[in-house]
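K.L.:
Below is one structure. I have some questions about it.
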Amino acid sequence: MFQTAEFQENNHANEIPVVGRILCAIAIGALSLGLIVVLMFTDNSSSMLPSLVQDKLTQSGVDNPVTAVLLNFRSYDTLLEIGVLLIVAVAMLPGVPVGSVVNRDMPGGNRPSGRLVSIVPNAQVNPVLEAILRWLVPMIIVMAGYMLWTGASLPGGAFQSGALLAGAGVLVQLSGRIQFCFTSTMAKLLLTIGLITFVIVAVGVAAITGVILQYPVTLASPLILVIEGAATLSIAAILLLLYNSLATQTFEMSPEPSALNEEPSALNEEPSASNEEPSASNEEPSALDEEPSALDEEPSALDEEPSALGK
Amino acid sequence: MTQDLLYTIASIALFGIGLFGLIVVRHIIRKILAINMMGVSVFMLLVASASNVDGAADPVLHAMVLTGIVVAIAGTALSLFLASKIHSLGQASDSDGR
């Protein structure tokens, strides 16, 4: 179970045998049945929490109980959650290879820390996509603002709004006309502003009420709105960064088993396989390096990927 | 109550399928998908048990699911990222003559 990571689609060499699968299925089936029986006889209607939330809702500063729980009663959860998102975003920042030291002296080593949004001058944009985007993106932004505002009384809030904004960003990026640079100062500000605002508010209200994250009742509503606004920006930026990092990764799935598996039958093919793979892996970094140096060539670099796959 | 029960059973079935996939399937992206499936089944179970017979649903569980979804997205993205890094590292060591 804990062997080298497997990337081949139809590799039957080190699969679990049929007997193991059947045993596994029986064990999991028994576990599921047991869970169902336990849960059928569990009475969860006696929970105190819903009535507690309803009782204290007037002191929370919002009318929507879910938002009240998320940003007032259990705001630790949300604070830590934005922290988790930020950690993942830092781990996935572009231009920092895993297991290597960042070389600050070499200007080409990292992506240029220029502007957050740069326009690709002569990009080949699908006219239909662009025409739709002109309508869709402003509407999504307005919708995100509405979602943020309505979170106080109806379902909605920072996460939904941030997800909408990130979706708009993905659409814009898919058009190829606009590129985002996540190592720019503006991007770093956007990525962190949610956590920064949240921590400042959390410590700031401790000066008034004496307890971290316990808002004064009169100030709760504007404070929650401030936190949610900042969190929306951060969540949108982080989700867009996650998409961006994954989209620029090249995942090459070669149909034949590679030399990693070391099958006897694959041994004969090893020279040919090892001839193919260096060329593919050599092209990978060069295609990645081209992006920052020449923004114009970004669509062409993206077009190259299928050809690299074909080889 | 019956609807509640239906969702509970469905979520546990999903959890079982995900667990089976996680153990049996070898491909790493399928494993990530299996973990995701298990997570979704837990969210489904929480939402199902949040529904009350009388009155509004339990907002605490809904908030928990909302938090969980965002963390699950982050975890999935990170695991996919790491998988692709492992993949490219494996290719690099292949081409080194291993």
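For the structure tokens, the naming scheme is as follows: chains receive sequential letters (A, B, ...) according to their order of presentation, residues are indexed from 1 within each chain, and ligands are indexed from 1 in presentation order.
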Do you know which residues are at most 7 Å from range 73-89 of chain B counting only C-alpha atoms, after dropping those on the same chain fewer than 6 positions away, and could you put them as an MDAnalysis selection string?

P.N.:
chainID A and resid 85 88 242 246 249 251

K.L.:
If we count only C-alpha atoms, what is near Ile12 in chain B at a cut-off of 8 Å, once residues fewer than 3 positions away on the same chain are taken out, given as a PyMOL selection string?

P.N.:
(chain A and resi 32+35-36) or (chain B and resi 8-9+15-16+41+45)

K.L.:
Using the selection just defined, write its residues with N, CA and C atoms as a tab-separated table (two decimals), in the first residue's frame.

P.N.:
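result19.tsv, freshly written:
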chain	number	residue	atom	x	y	z
A	32	SER	N	-19.42	-0.45	6.97
A	32	SER	CA	-20.50	0.44	6.57
A	32	SER	C	-21.81	0.04	7.22
A	35	LEU	N	-21.79	1.09	10.77
A	35	LEU	CA	-21.98	2.54	10.89
A	35	LEU	C	-23.44	2.91	10.69
A	36	ILE	N	-24.08	2.26	9.68
A	36	ILE	CA	-25.48	2.57	9.43
A	36	ILE	C	-26.33	2.20	10.64
B	8	THR	N	-28.32	9.49	5.17
B	8	THR	CA	-27.31	8.86	6.04
B	8	THR	C	-26.75	7.60	5.40
B	9	ILE	N	-27.67	6.75	4.91
B	9	ILE	CA	-27.21	5.49	4.30
B	9	ILE	C	-26.38	5.78	3.05
B	15	PHE	N	-18.90	6.69	1.59
B	15	PHE	CA	-17.67	6.58	2.39
B	15	PHE	C	-17.01	5.22	2.16
B	16	GLY	N	-17.85	4.17	2.13
B	16	GLY	CA	-17.29	2.84	1.90
B	16	GLY	C	-16.65	2.72	0.53
B	41	SER	N	-18.63	12.48	1.52
B	41	SER	CA	-19.62	11.67	2.23
B	41	SER	C	-19.76	12.14	3.68
B	45	LEU	N	-23.15	13.45	5.43
B	45	LEU	CA	-23.67	12.92	6.69
B	45	LEU	C	-23.95	14.06	7.67

K.L.:
Determine, for each residue of range 6-82 of chain B having at least one atom at most 10 Å from an atom of range 58-71 of chain A, the closest pair of atoms and their separation in Å to one decimal, counting only C-alpha atoms; order by chain and ascending number, as CSV.

P.N.:
residue,atom,partner,partner_atom,distance
B:Ala56,CA,A:Pro65,CA,9.9
B:Ala57,CA,A:Pro65,CA,9.7
B:Asp58,CA,A:Val66,CA,8.6
B:Pro59,CA,A:Val66,CA,4.9
B:Val60,CA,A:Val69,CA,6.1
B:Leu61,CA,A:Val66,CA,8.7
B:His62,CA,A:Val66,CA,6.5
B:Ala63,CA,A:Val66,CA,5.5
B:Met64,CA,A:Leu70,CA,8.0
B:Leu66,CA,A:Leu70,CA,8.7
B:Thr67,CA,A:Leu70,CA,8.2

K.L.:
Rank nothing, just name the residue among A:Ala207, A:Val19, A:Ala91, A:Leu174 nearest to chain B, using only C-alpha atoms.

P.N.:
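For chain B, the nearest of the candidates is A:Ala91.
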
K.L.:
Skipping near chain neighbours, those fewer than 3 positions away, what residues fall within 8 Å of Gly39 in chain B using only C-alpha atoms, listed as a list in words?

P.N.:
Phe15, Ile35, Asn36, Val42, Phe43 and Ala72 of chain B

K.L.:
Can you list, as a list in words, every protein, DNA or RNA residue that comes within 6 Å of range 222-232 of chain A when you count only C-alpha atoms, leaving out same-chain residues fewer than 3 positions away?

P.N.:
Ala158, Gly162, Ile193, Gly194, Phe198, Leu219 and Ile235 of chain A

K.L.:
Take CA of Ala152 in chain A and CA of Ser47 in chain A and report the distance between them in Å, one decimal.

P.N.:
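Between CA of Ala152 in chain A and CA of Ser47 in chain A the gap is 24.5 Å.
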
K.L.:
CA of Ile26 in chain A and CA of Ala34 in chain B are how many Å apart?

P.N.:
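CA of Ala34 in chain B lies 17.9 Å from CA of Ile26 in chain A.
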
K.L.:
Need to verify the contact set: Glu130 in chain A, 9 Å, only C-alpha atoms, exclusion of same-chain residues closer than 4 positions in sequence. Can you return it as a list in words?

P.N.:
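Counting only C-alpha atoms, the residues come to Val125, Asn126, Arg134, Trp135, Val172, Ser175 and Arg177 of chain A.
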
K.L.:
Per DSSP on the backbone, what are the alpha helix (DSSP H) residues of chain B, as number ranges by chain?

P.N.:
B: 2-24, 28-50, 59-95

K.L.:
Of the candidates A:Ile208, A:Ile200, A:Ala236, A:Ile140, which shows the shortest atom-to-atom distance to chain B, using only C-alpha atoms?

P.N.:
A:Ala236

K.L.:
May I ask which of the residues A:Tyr76, A:Ile82, A:Val217, A:Gln160 is the closest one to Leu57 in chain A, counting only C-alpha atoms?

P.N.:
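Ranked by minimum distance to Leu57 in chain A, first place goes to A:Val217.
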
K.L.:
With distances taken over only C-alpha atoms, which residue among B:Ala48, B:Leu33, B:Leu6, B:Ala92 lies nearest chain A?

P.N.:
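That would be B:Ala92, the residue with the smallest distance to chain A.
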